[in-house]
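One file, start17.txt, is given below (compact mmCIF, C-alpha atoms).
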```txt
# COMPACT_ATOMS: atom_id res chain seq x y z
CA MET A 895 -83.18 -127.65 -76.67
CA ILE A 896 -83.82 -125.43 -79.73
CA ASP A 897 -81.87 -125.54 -83.00
CA ILE A 898 -79.58 -122.55 -83.55
CA ILE A 899 -79.20 -121.35 -87.15
CA GLU A 900 -77.62 -118.40 -88.96
CA LEU A 901 -79.95 -115.98 -90.72
CA ASN A 902 -79.56 -116.40 -94.49
CA ASN A 903 -81.84 -116.63 -97.51
CA LYS A 904 -82.14 -120.43 -97.37
CA TYR A 905 -83.07 -120.57 -93.72
CA ILE A 906 -85.40 -117.59 -94.02
CA SER A 907 -87.54 -119.40 -96.60
CA ASP A 908 -87.35 -122.68 -94.66
CA VAL A 909 -88.47 -121.11 -91.38
CA VAL A 910 -91.23 -119.07 -92.98
CA SER A 911 -92.51 -122.19 -94.75
CA ILE A 912 -92.49 -124.29 -91.58
CA ILE A 913 -94.32 -121.68 -89.52
CA LYS A 914 -96.98 -120.94 -92.10
CA LYS A 915 -97.68 -124.60 -92.90
CA ARG A 916 -98.43 -125.69 -89.34
CA SER A 917 -101.70 -127.52 -89.23
CA ASN A 918 -103.30 -130.49 -87.60
CA THR A 919 -102.37 -133.63 -89.50
CA LEU A 920 -105.89 -135.01 -89.19
CA ASN A 921 -107.96 -134.89 -92.35
CA ILE A 922 -110.95 -133.32 -90.66
CA ARG A 923 -112.71 -131.36 -93.40
CA LYS A 924 -115.08 -134.14 -94.40
CA ASN A 925 -115.80 -135.05 -90.76
CA VAL A 926 -116.72 -131.45 -89.98
CA GLU A 927 -118.97 -131.26 -93.05
CA GLU A 928 -120.84 -134.34 -91.83
CA ILE A 929 -121.22 -132.95 -88.32
CA ILE A 930 -122.61 -129.66 -89.63
CA GLU A 931 -125.11 -131.38 -91.93
CA ASN A 932 -126.22 -133.73 -89.16
CA VAL A 933 -126.84 -130.85 -86.75
CA LYS A 934 -128.75 -128.95 -89.45
CA SER A 935 -131.03 -131.93 -90.09
CA SER A 936 -131.34 -133.52 -86.62
CA GLY A 937 -130.90 -130.58 -84.23
CA ASP A 938 -130.68 -131.37 -80.53
CA LYS A 939 -130.66 -135.10 -81.17
CA ALA A 940 -127.39 -134.74 -83.07
CA LEU A 941 -125.95 -132.48 -80.37
CA ARG A 942 -126.69 -135.04 -77.66
CA GLY A 943 -125.11 -137.78 -79.72
CA TYR A 944 -121.92 -135.84 -80.39
CA THR A 945 -121.68 -134.69 -76.77
CA LEU A 946 -121.90 -138.31 -75.66
CA ASP A 947 -119.33 -139.43 -78.24
CA PHE A 948 -116.79 -136.66 -77.76
CA ASP A 949 -117.31 -135.43 -74.20
CA LYS A 950 -118.46 -138.76 -72.70
CA VAL A 951 -121.54 -137.31 -71.06
CA TYR A 952 -125.25 -137.37 -71.94
CA LEU A 953 -127.02 -134.03 -71.58
CA GLU A 954 -130.77 -133.63 -71.75
CA ASN A 955 -130.44 -129.85 -71.39
CA PHE A 956 -127.51 -127.81 -72.62
CA LYS A 957 -128.28 -124.50 -70.91
CA ILE A 958 -126.71 -123.88 -67.52
CA ASP A 959 -129.15 -122.55 -64.93
CA GLU A 960 -128.47 -119.02 -63.71
CA GLU A 961 -128.57 -120.46 -60.18
CA GLU A 962 -125.53 -122.60 -60.99
CA ILE A 963 -123.68 -119.55 -62.32
CA GLU A 964 -124.56 -117.63 -59.18
CA LYS A 965 -123.44 -120.53 -57.00
CA ALA A 966 -120.07 -120.69 -58.77
CA PHE A 967 -119.64 -116.97 -58.12
CA ILE A 968 -120.56 -117.22 -54.43
CA GLU A 969 -118.28 -120.19 -53.86
CA GLY A 970 -115.44 -118.86 -56.00
CA ASP A 971 -112.06 -117.79 -54.70
CA LYS A 972 -112.56 -114.14 -53.70
CA SER A 973 -108.96 -113.13 -54.36
CA PHE A 974 -109.13 -114.54 -57.90
CA ILE A 975 -112.48 -112.84 -58.46
CA ASN A 976 -110.87 -109.53 -57.49
CA ILE A 977 -108.09 -110.17 -60.01
CA LEU A 978 -110.71 -110.85 -62.69
CA LYS A 979 -112.48 -107.61 -61.82
CA GLU A 980 -109.29 -105.60 -62.13
CA SER A 981 -108.45 -107.30 -65.42
CA ILE A 982 -111.94 -106.47 -66.73
CA LYS A 983 -111.40 -102.84 -65.79
CA ASN A 984 -108.09 -102.71 -67.70
CA ILE A 985 -109.50 -104.45 -70.79
CA LYS A 986 -112.58 -102.22 -70.82
CA LYS A 987 -110.55 -99.01 -70.59
CA TYR A 988 -108.35 -100.06 -73.51
CA HIS A 989 -111.24 -101.07 -75.74
CA GLU A 990 -113.32 -97.99 -75.00
CA LYS A 991 -110.58 -96.00 -76.73
CA GLN A 992 -111.39 -97.94 -79.93
CA LYS A 993 -114.95 -96.67 -80.19
CA LYS A 994 -115.70 -94.57 -83.26
CA THR A 995 -118.71 -92.44 -84.13
CA SER A 996 -121.04 -92.20 -87.08
CA TYR A 997 -120.64 -89.16 -89.32
CA ILE A 998 -122.49 -87.03 -91.83
CA TYR A 999 -121.28 -84.30 -94.16
CA GLN A 1000 -123.08 -81.96 -96.54
CA LYS A 1001 -122.30 -80.70 -100.01
CA GLU A 1002 -123.87 -78.11 -102.27
CA PHE A 1003 -127.43 -78.45 -103.67
CA GLY A 1004 -128.58 -80.08 -100.43
CA VAL A 1005 -126.60 -83.30 -100.97
CA TYR A 1006 -125.59 -85.09 -97.80
CA MET A 1007 -124.05 -88.45 -97.04
CA GLY A 1008 -122.48 -90.32 -94.18
CA GLN A 1009 -121.81 -93.54 -92.36
CA ARG A 1010 -123.65 -95.28 -89.55
CA LEU A 1011 -121.93 -97.63 -87.09
CA ILE A 1012 -124.27 -100.43 -86.00
CA PRO A 1013 -123.35 -103.20 -83.53
CA VAL A 1014 -123.95 -106.80 -84.53
CA ASP A 1015 -127.23 -107.86 -82.90
CA SER A 1016 -126.16 -111.25 -81.49
CA VAL A 1017 -122.81 -112.89 -80.76
CA ALA A 1018 -121.77 -116.31 -79.46
CA ILE A 1019 -118.47 -116.75 -77.66
CA TYR A 1020 -116.80 -120.14 -77.89
CA VAL A 1021 -114.58 -120.92 -74.89
CA PRO A 1022 -112.36 -124.04 -75.08
CA GLY A 1023 -112.60 -126.67 -72.37
CA GLY A 1024 -110.17 -129.36 -73.48
CA LYS A 1025 -106.56 -129.31 -72.27
CA ALA A 1026 -107.26 -126.25 -70.14
CA ALA A 1027 -110.03 -123.85 -69.21
CA TYR A 1028 -109.62 -120.21 -70.16
CA PRO A 1029 -111.68 -117.61 -68.28
CA SER A 1030 -109.42 -115.04 -69.98
CA SER A 1031 -111.07 -115.98 -73.29
CA VAL A 1032 -114.42 -114.94 -71.83
CA LEU A 1033 -113.07 -111.50 -70.92
CA MET A 1034 -111.22 -110.88 -74.18
CA ASN A 1035 -114.24 -111.68 -76.33
CA ALA A 1036 -117.10 -110.42 -74.20
CA ILE A 1037 -115.75 -107.02 -73.18
CA PRO A 1038 -115.17 -105.59 -76.69
CA ALA A 1039 -118.58 -106.95 -77.73
CA LYS A 1040 -120.18 -105.18 -74.76
CA VAL A 1041 -118.30 -101.95 -75.48
CA ALA A 1042 -119.46 -102.17 -79.12
CA GLY A 1043 -123.08 -102.36 -77.93
CA VAL A 1044 -123.96 -105.97 -78.81
CA GLU A 1045 -127.30 -106.66 -77.13
CA LYS A 1046 -127.35 -110.46 -77.10
CA ILE A 1047 -124.25 -112.43 -76.06
CA VAL A 1048 -124.26 -116.17 -75.41
CA LEU A 1049 -121.40 -118.39 -74.34
CA VAL A 1050 -120.75 -122.03 -75.20
CA THR A 1051 -118.10 -124.27 -73.64
CA PRO A 1052 -117.68 -128.06 -73.59
CA PRO A 1053 -118.79 -130.02 -70.49
CA ASP A 1054 -116.49 -132.27 -68.52
CA LYS A 1055 -117.27 -135.97 -68.03
CA SER A 1056 -119.44 -135.15 -65.02
CA GLY A 1057 -121.63 -132.79 -67.03
CA HIS A 1058 -120.26 -129.55 -65.60
CA VAL A 1059 -118.02 -126.72 -66.79
CA ASN A 1060 -115.09 -124.97 -65.16
CA LYS A 1061 -116.34 -122.67 -62.40
CA ASN A 1062 -113.93 -119.88 -63.30
CA ILE A 1063 -115.51 -119.72 -66.76
CA LEU A 1064 -118.93 -119.29 -65.13
CA ILE A 1065 -117.55 -116.61 -62.81
CA ALA A 1066 -116.01 -114.73 -65.73
CA ALA A 1067 -119.32 -114.97 -67.61
CA LYS A 1068 -121.22 -113.49 -64.67
CA LEU A 1069 -118.71 -110.66 -64.26
CA CYS A 1070 -119.15 -109.86 -67.96
CA GLY A 1071 -122.94 -109.88 -67.66
CA ILE A 1072 -123.51 -113.09 -69.64
CA SER A 1073 -126.36 -115.24 -68.32
CA ASN A 1074 -126.95 -117.48 -71.36
CA VAL A 1075 -124.28 -120.17 -71.03
CA TYR A 1076 -124.48 -123.54 -72.78
CA MET A 1077 -122.54 -126.78 -72.27
CA LEU A 1078 -121.63 -127.51 -75.84
CA GLY A 1079 -118.38 -127.87 -77.73
CA GLY A 1080 -116.68 -128.83 -80.96
CA ALA A 1081 -117.85 -128.41 -84.55
CA GLN A 1082 -121.37 -129.32 -83.42
CA ALA A 1083 -121.52 -126.18 -81.27
CA ILE A 1084 -120.52 -124.00 -84.21
CA ALA A 1085 -123.19 -125.65 -86.38
CA ALA A 1086 -125.88 -125.17 -83.72
CA LEU A 1087 -125.01 -121.51 -83.24
CA THR A 1088 -125.07 -120.91 -86.99
CA TYR A 1089 -128.27 -122.71 -87.98
CA GLY A 1090 -130.13 -123.08 -84.69
CA THR A 1091 -131.69 -126.14 -83.07
CA GLU A 1092 -134.72 -126.75 -80.83
CA SER A 1093 -132.83 -125.36 -77.81
CA ILE A 1094 -130.08 -123.23 -79.36
CA GLU A 1095 -130.89 -119.98 -81.15
CA SER A 1096 -128.80 -118.98 -84.13
CA VAL A 1097 -126.62 -115.89 -83.84
CA SER A 1098 -125.14 -113.39 -86.27
CA MET A 1099 -121.49 -113.86 -85.28
CA ILE A 1100 -119.31 -116.49 -83.60
CA VAL A 1101 -116.01 -115.58 -81.94
CA GLY A 1102 -113.46 -117.34 -79.77
CA PRO A 1103 -110.66 -119.89 -80.09
CA GLY A 1104 -110.99 -123.67 -80.35
CA ASN A 1105 -109.34 -126.83 -81.56
CA ALA A 1106 -108.82 -127.82 -85.21
CA PHE A 1107 -112.44 -129.04 -85.50
CA VAL A 1108 -113.79 -125.73 -84.20
CA ALA A 1109 -111.52 -123.74 -86.51
CA GLU A 1110 -112.55 -125.81 -89.54
CA ALA A 1111 -116.24 -125.52 -88.61
CA LYS A 1112 -115.91 -121.73 -88.40
CA ARG A 1113 -114.27 -121.72 -91.80
CA GLN A 1114 -117.12 -123.76 -93.30
CA VAL A 1115 -120.02 -121.78 -91.83
CA TYR A 1116 -118.53 -118.37 -92.62
CA GLY A 1117 -120.95 -116.58 -94.89
CA ASP A 1118 -123.98 -117.98 -93.11
CA VAL A 1119 -122.62 -116.37 -89.95
CA GLY A 1120 -119.85 -113.89 -89.21
CA ILE A 1121 -116.65 -115.01 -87.48
CA ASP A 1122 -113.73 -113.23 -85.88
CA MET A 1123 -110.96 -115.24 -87.56
CA VAL A 1124 -109.84 -118.80 -88.22
CA ALA A 1125 -107.14 -119.03 -85.58
CA GLY A 1126 -104.29 -121.49 -85.81
CA PRO A 1127 -101.68 -122.64 -83.27
CA SER A 1128 -100.11 -119.96 -81.09
CA GLU A 1129 -96.72 -118.40 -81.80
CA ILE A 1130 -94.16 -115.99 -80.42
CA LEU A 1131 -91.10 -114.32 -81.92
CA ILE A 1132 -88.61 -112.61 -79.62
CA ILE A 1133 -85.98 -110.16 -80.84
CA ALA A 1134 -83.06 -109.84 -78.42
CA ASP A 1135 -79.63 -108.22 -78.35
CA GLU A 1136 -76.45 -109.01 -76.42
CA LYS A 1137 -77.74 -107.20 -73.31
CA SER A 1138 -80.96 -109.24 -73.04
CA ASN A 1139 -81.60 -111.51 -70.09
CA PRO A 1140 -81.49 -115.17 -71.23
CA LYS A 1141 -83.54 -116.23 -68.20
CA TYR A 1142 -86.42 -113.99 -69.30
CA ILE A 1143 -86.15 -115.11 -72.93
CA ALA A 1144 -86.26 -118.81 -72.03
CA ALA A 1145 -89.31 -118.29 -69.82
CA ASP A 1146 -91.15 -116.33 -72.54
CA LEU A 1147 -90.41 -118.93 -75.23
CA MET A 1148 -91.84 -121.67 -73.00
CA SER A 1149 -94.90 -119.60 -72.15
CA GLN A 1150 -96.11 -120.00 -75.73
CA ALA A 1151 -94.76 -123.49 -76.38
CA GLU A 1152 -96.87 -124.91 -73.54
CA HIS A 1153 -100.10 -124.05 -75.39
CA ASP A 1154 -99.84 -126.78 -77.99
CA GLU A 1155 -97.42 -129.17 -79.69
CA LEU A 1156 -98.04 -127.09 -82.84
CA ALA A 1157 -97.13 -123.79 -81.15
CA SER A 1158 -94.08 -122.00 -82.48
CA SER A 1159 -91.42 -120.17 -80.46
CA ILE A 1160 -88.65 -118.31 -82.28
CA LEU A 1161 -85.77 -116.26 -80.89
CA VAL A 1162 -83.95 -113.84 -83.20
CA THR A 1163 -80.78 -112.45 -81.64
CA THR A 1164 -77.61 -110.64 -82.60
CA SER A 1165 -75.63 -112.64 -80.02
CA LYS A 1166 -74.57 -116.28 -80.33
CA GLU A 1167 -73.65 -116.18 -76.65
CA ILE A 1168 -77.22 -115.19 -75.74
CA ALA A 1169 -78.54 -117.98 -77.97
CA GLU A 1170 -76.50 -120.61 -76.15
CA LYS A 1171 -77.37 -119.20 -72.72
CA VAL A 1172 -81.08 -119.32 -73.60
CA ASN A 1173 -80.84 -123.02 -74.39
CA SER A 1174 -79.06 -123.59 -71.08
CA GLU A 1175 -81.80 -121.67 -69.25
CA ILE A 1176 -84.52 -123.71 -70.96
CA LYS A 1177 -82.90 -126.91 -69.68
CA LEU A 1178 -82.99 -125.53 -66.15
CA GLN A 1179 -86.47 -124.03 -66.17
CA ILE A 1180 -88.28 -126.77 -68.07
CA GLU A 1181 -87.79 -129.20 -65.19
CA LYS A 1182 -90.50 -127.36 -63.24
CA MET A 1183 -93.03 -127.05 -66.07
CA SER A 1184 -96.22 -129.12 -65.80
CA ARG A 1185 -96.49 -129.23 -69.60
CA ARG A 1186 -92.89 -130.21 -70.22
CA LYS A 1187 -93.68 -132.80 -72.91
CA ILE A 1188 -95.79 -130.33 -74.89
CA ILE A 1189 -93.06 -127.68 -74.65
CA GLU A 1190 -90.37 -130.11 -75.78
CA SER A 1191 -92.45 -131.25 -78.75
CA SER A 1192 -93.19 -127.67 -79.76
CA PHE A 1193 -89.52 -126.68 -79.55
CA ARG A 1194 -88.41 -129.75 -81.46
CA ASN A 1195 -90.75 -129.25 -84.42
CA PHE A 1196 -91.46 -125.53 -84.55
CA GLY A 1197 -88.82 -123.81 -82.42
CA LYS A 1198 -85.81 -121.94 -83.79
CA ILE A 1199 -83.05 -119.67 -82.54
CA VAL A 1200 -81.88 -117.43 -85.38
CA ILE A 1201 -78.60 -115.51 -85.29
CA CYS A 1202 -78.76 -112.23 -87.24
CA SER A 1203 -76.23 -109.45 -87.83
CA SER A 1204 -78.40 -106.54 -86.66
CA ILE A 1205 -81.68 -105.73 -84.95
CA LYS A 1206 -82.86 -104.21 -88.24
CA ASP A 1207 -82.33 -107.57 -89.95
CA GLY A 1208 -84.26 -109.20 -87.11
CA ILE A 1209 -87.17 -106.81 -87.62
CA GLU A 1210 -87.23 -107.55 -91.36
CA PHE A 1211 -87.29 -111.28 -90.60
CA ALA A 1212 -90.13 -110.76 -88.12
CA ASN A 1213 -92.12 -108.92 -90.77
CA LEU A 1214 -91.80 -111.97 -93.04
CA ILE A 1215 -93.03 -114.28 -90.26
CA ALA A 1216 -95.80 -111.85 -89.18
CA PRO A 1217 -96.00 -113.43 -85.71
CA GLU A 1218 -99.01 -113.48 -83.44
CA HIS A 1219 -96.86 -112.16 -80.55
CA LEU A 1220 -93.65 -110.16 -80.97
CA GLU A 1221 -91.42 -109.25 -78.03
CA LEU A 1222 -88.76 -106.55 -78.37
CA LEU A 1223 -86.21 -107.39 -75.66
CA VAL A 1224 -83.62 -104.89 -76.84
CA ASP A 1225 -82.09 -101.60 -75.74
CA ASN A 1226 -84.37 -98.65 -76.55
CA PRO A 1227 -87.14 -100.87 -77.97
CA MET A 1228 -89.40 -97.96 -78.95
CA GLU A 1229 -86.84 -96.98 -81.58
CA TYR A 1230 -87.70 -100.18 -83.46
CA LEU A 1231 -91.49 -100.18 -83.08
CA GLU A 1232 -92.05 -98.11 -86.22
CA GLY A 1233 -90.22 -100.74 -88.27
CA VAL A 1234 -92.62 -103.49 -87.19
CA LYS A 1235 -95.19 -103.80 -89.96
CA ASN A 1236 -96.55 -107.31 -89.42
CA ALA A 1237 -97.36 -108.51 -85.90
CA GLY A 1238 -100.55 -109.27 -84.01
CA SER A 1239 -99.38 -107.57 -80.82
CA VAL A 1240 -96.00 -106.13 -79.79
CA PHE A 1241 -94.60 -106.40 -76.26
CA ILE A 1242 -92.02 -103.74 -75.54
CA GLY A 1243 -89.10 -104.14 -73.14
CA GLU A 1244 -87.88 -106.85 -70.78
CA TYR A 1245 -90.64 -106.27 -68.23
CA THR A 1246 -93.48 -106.78 -70.69
CA PRO A 1247 -93.68 -110.55 -71.25
CA GLU A 1248 -96.54 -111.76 -73.43
CA PRO A 1249 -98.60 -113.26 -70.53
CA ILE A 1250 -99.31 -109.72 -69.30
CA GLY A 1251 -101.27 -109.22 -72.51
CA ASP A 1252 -102.95 -112.60 -72.13
CA TYR A 1253 -104.51 -111.75 -68.80
CA PHE A 1254 -104.19 -108.29 -67.40
CA GLY A 1255 -102.60 -105.46 -69.38
CA GLY A 1256 -105.75 -104.51 -71.30
CA THR A 1257 -104.82 -105.25 -74.92
CA ASN A 1258 -106.69 -108.12 -76.55
CA HIS A 1259 -105.16 -111.58 -76.71
CA VAL A 1260 -107.28 -112.78 -79.64
CA LEU A 1261 -104.71 -112.24 -82.40
CA PRO A 1262 -104.06 -113.24 -86.02
CA THR A 1263 -101.85 -116.33 -86.39
CA GLY A 1264 -100.00 -118.19 -89.12
CA GLY A 1265 -98.76 -115.07 -90.91
CA THR A 1266 -102.22 -113.51 -91.23
CA ALA A 1267 -101.00 -110.46 -89.30
CA ARG A 1268 -99.85 -109.31 -92.76
CA PHE A 1269 -103.45 -108.36 -93.51
CA SER A 1270 -105.60 -108.79 -90.40
CA SER A 1271 -105.92 -107.33 -86.92
CA PRO A 1272 -106.54 -108.32 -83.30
CA LEU A 1273 -110.10 -108.77 -82.10
CA SER A 1274 -111.46 -105.36 -81.16
CA VAL A 1275 -114.59 -103.27 -80.83
CA ASP A 1276 -114.53 -102.96 -84.63
CA THR A 1277 -114.98 -106.74 -84.91
CA PHE A 1278 -118.54 -106.33 -83.63
CA ILE A 1279 -119.46 -103.23 -85.62
CA LYS A 1280 -121.13 -103.07 -89.02
CA LYS A 1281 -120.80 -99.97 -91.15
CA SER A 1282 -123.70 -98.76 -93.27
CA SER A 1283 -123.51 -95.77 -95.61
CA PHE A 1284 -126.31 -93.37 -96.51
CA LEU A 1285 -126.70 -90.81 -99.27
CA TYR A 1286 -129.24 -88.09 -100.16
CA TYR A 1287 -129.38 -86.32 -103.55
CA SER A 1288 -131.71 -83.40 -104.18
CA GLN A 1289 -133.54 -82.73 -107.46
CA LYS A 1290 -131.08 -79.97 -108.32
CA ALA A 1291 -128.12 -82.27 -107.71
CA VAL A 1292 -129.59 -84.92 -110.03
CA GLU A 1293 -130.11 -82.30 -112.73
CA ARG A 1294 -126.49 -81.22 -112.33
CA ASP A 1295 -124.87 -84.69 -112.32
CA GLY A 1296 -127.44 -86.80 -114.17
CA GLU A 1297 -125.86 -86.79 -117.65
CA LYS A 1298 -122.46 -87.71 -116.20
CA ILE A 1299 -123.97 -90.69 -114.36
CA ILE A 1300 -125.85 -91.77 -117.51
CA ARG A 1301 -122.58 -91.67 -119.48
CA PHE A 1302 -120.79 -93.69 -116.79
CA ALA A 1303 -123.49 -96.39 -116.79
CA THR A 1304 -123.62 -96.48 -120.58
CA GLU A 1305 -119.85 -97.01 -120.81
CA GLU A 1306 -120.31 -100.10 -118.60
CA GLY A 1307 -123.17 -101.36 -120.76
CA LEU A 1308 -125.74 -101.06 -117.98
CA THR A 1309 -128.60 -99.34 -119.75
CA ALA A 1310 -131.11 -99.94 -116.96
CA HIS A 1311 -128.78 -98.08 -114.60
CA ALA A 1312 -128.69 -95.20 -117.05
CA ASN A 1313 -132.46 -95.31 -117.46
CA SER A 1314 -133.13 -94.89 -113.74
CA ILE A 1315 -131.44 -91.48 -114.01
CA LYS A 1316 -132.87 -90.64 -117.46
CA VAL A 1317 -136.52 -91.02 -116.39
CA ARG A 1318 -135.99 -88.50 -113.62
CA LEU A 1319 -134.43 -85.96 -115.95
CA GLU A 1320 -137.22 -86.49 -118.51
CA ASN A 1321 -139.86 -86.12 -115.83
CA GLU A 1322 -138.50 -82.72 -114.88
CA GLU A 1323 -138.34 -81.63 -118.53
CA ASN A 1324 -142.01 -82.56 -119.05
CA LYS A 1325 -143.29 -80.56 -116.10
```
I need this file expressed as structure tokens, please.
Amino acid sequence: MIDIIELNNKYISDVVSIIKKRSNTLNIRKNVEEIIENVKSSGDKALRGYTLDFDKVYLENFKIDEEEIEKAFIEGDKSFINILKESIKNIKKYHEKQKKTSYIYQKEFGVYMGQRLIPVDSVAIYVPGGKAAYPSSVLMNAIPAKVAGVEKIVLVTPPDKSGHVNKNILIAAKLCGISNVYMLGGAQAIAALTYGTESIESVSMIVGPGNAFVAEAKRQVYGDVGIDMVAGPSEILIIADEKSNPKYIAADLMSQAEHDELASSILVTTSKEIAEKVNSEIKLQIEKMSRRKIIESSFRNFGKIVICSSIKDGIEFANLIAPEHLELLVDNPMEYLEGVKNAGSVFIGEYTPEPIGDYFGGTNHVLPTGGTARFSSPLSVDTFIKKSSFLYYSQKAVERDGEKIIRFATEEGLTAHANSIKVRLENEENK
């Protein structure tokens, strides 16, 4: 099912190149530019046209009535609602640990300075509605925003052909305290949230996953609005030794491959026997998978089983890939955690498969993809926080440091900078 290769310099560069170059083959940049410009100029009229074209439904109003949200909650499956509530509790507890505080410190001559932490004032959460509906995306984006103190949170999600949205998304929105929900998707939704229309207010930040059009739209509007990240196709890398359970490994590889034909699933193992058993297990388990064709396509194009000589070599390879999800299915996995430098989220031990993090464990499932874990982080409370510094200098402090600052500015050729200090020193001399 998945190609088995030996870890060597040639294959390392080949695999890294394949994983990092995954992208939709459609040339969508120009299309997205046109959509954004049309929404900026035509507002709701453009939104209705695109919704009709792409979602096959005409909508006069995009906002979902609070009564419909309440109805979805009342009619929803009570056992699933209880699961959502428990998941929310776990996610909230984890993210509350991320909260930081402002600070101030004083120096001599009355000088003081510090940093203020200020939540973003308004955030829009994009929730996909194409191949599947993801209430988990509501939780993972809304809860850290709430913990950060964001006052205004809106949610957008594409309608189905009947002009409705998935009820579990509405239930998750209600449980997270979000009442402003709009039926809107694609690049046109990102444009509307950035620039505003007659019925959609602009926001300061847009977060949440989406298809290639949504990702490209977020890339193009960044700067006019804040974004969480430009997320690509999902990926998992599993490091396993000779004692690992091939049944578990096969299941975990498929759990990511079913997301998308562009998803990547890689196993790195010290055992050729385990590698072969994993392929045998995939053949058995895949028969029952509803997304079998997607899984097979993902494995064929972006799946690999890599044989390495040691777990240390496997860790080094993982750091080159910088995977979104990394599972350590090895003996004494905590011994290797310190060596992991580049990974969105690490799942430790054979009873911590990645789906626990997707839904219930508490850590966030919005993670850097495509190797960006080398320099970026999971979505967190910090995503929704701005930092502003402040500084106070007394007259005595200016008299002490003024000539040094003037010299610094003069060395850079910025005489007006120097002058703003000089006039204050001269003013004191003339008193």
Subject >> Shell of 8 Å around Ser1030 in chain A, all atoms listed in the file, local chain residues under 2 positions omitted, as a PyMOL selection string >> reply: chain A and resi 1028+1032-1034+1066+1252-1253
Can you report as AutoDock Vina command-line options the centre and edge lengths in Å, to one decimal, of an axis-aligned box around the listed atoms of range 1291-1310 of chain A padded with 4 Å on each side?
```
--center_x -125.5 --center_y -91.3 --center_z -114.3 --size_x 19.3 --size_y 28.1 --size_z 21.1
```
Subject >> Surrounding residues of range 1192-1204 of chain A excluding itself and chain neighbours under 4 positions, 6 Å, all atoms listed in the file, as number ranges by chain >> reply: A: 896-901, 1151, 1155-1164
Could you dump the residues just selected with C-alpha atoms as a PDB file, keeping the file's coordinate frame?
```
ATOM      1  CA  ILE A 896     -83.820-125.430 -79.730  1.00  0.00           C
ATOM      2  CA  ASP A 897     -81.870-125.540 -83.000  1.00  0.00           C
ATOM      3  CA  ILE A 898     -79.580-122.550 -83.550  1.00  0.00           C
ATOM      4  CA  ILE A 899     -79.200-121.350 -87.150  1.00  0.00           C
ATOM      5  CA  GLU A 900     -77.620-118.400 -88.960  1.00  0.00           C
ATOM      6  CA  LEU A 901     -79.950-115.980 -90.720  1.00  0.00           C
ATOM      7  CA  ALA A1151     -94.760-123.490 -76.380  1.00  0.00           C
ATOM      8  CA  GLU A1155     -97.420-129.170 -79.690  1.00  0.00           C
ATOM      9  CA  LEU A1156     -98.040-127.090 -82.840  1.00  0.00           C
ATOM     10  CA  ALA A1157     -97.130-123.790 -81.150  1.00  0.00           C
ATOM     11  CA  SER A1158     -94.080-122.000 -82.480  1.00  0.00           C
ATOM     12  CA  SER A1159     -91.420-120.170 -80.460  1.00  0.00           C
ATOM     13  CA  ILE A1160     -88.650-118.310 -82.280  1.00  0.00           C
ATOM     14  CA  LEU A1161     -85.770-116.260 -80.890  1.00  0.00           C
ATOM     15  CA  VAL A1162     -83.950-113.840 -83.200  1.00  0.00           C
ATOM     16  CA  THR A1163     -80.780-112.450 -81.640  1.00  0.00           C
ATOM     17  CA  THR A1164     -77.610-110.640 -82.600  1.00  0.00           C
TER      18      THR A1164
END
```
**OP:** Would you mind telling me which residue in A:Ile1300, A:Ile1037, A:Leu1078, A:Leu953 lies nearest to Thr1051 in chain A when using only C-alpha atoms?
**Re:**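 Residue with the minimum atom-to-atom distance to Thr1051 in chain A: A:Leu1078.
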**OP:** Enter the distance from CA of Gly1238 in chain A to CA of Tyr988 in chain A, in Å, rounded to one decimal.
**Re:**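 That distance, rounded to one decimal, is 16.0 Å.
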Subject >> Distance query range 1233-1237 of chain A at most 8 Å, all atoms listed in the file, self and fewer than 5 positions along chain excluded, as a list in words >> reply: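 My reading of the contact set: Ile1209, Glu1210, Ala1212, Asn1213, Leu1214, Ile1215, Ala1216, Pro1217, Glu1218, His1219, Leu1220, Ala1267 and Arg1268 of chain A.
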**OP:** Name all residues at most 9 Å from range 1311-1315 of chain A (count all atoms listed in the file; drop same-chain ones fewer than 6 positions away) and give them as a ChimeraX atom specification.
**Re:** /A:1292,1296-1297,1299-1304
Subject >> Closest of A:Leu1319, A:Met1077, A:Leu1222, A:Ile1279 to Leu1011 in chain A - atom-to-atom distances counting only C-alpha atoms >> reply: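 Residue with the minimum atom-to-atom distance to Leu1011 in chain A: A:Ile1279.
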**OP:** Can you work out which one of A:Ile906, A:Leu1064, A:Val1014, A:Leu1231 has the shortest atom-to-atom distance to Ile1133 in chain A, counting all atoms listed in the file?
**Re:**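 Distance minimum relative to Ile1133 in chain A lands on A:Leu1231.
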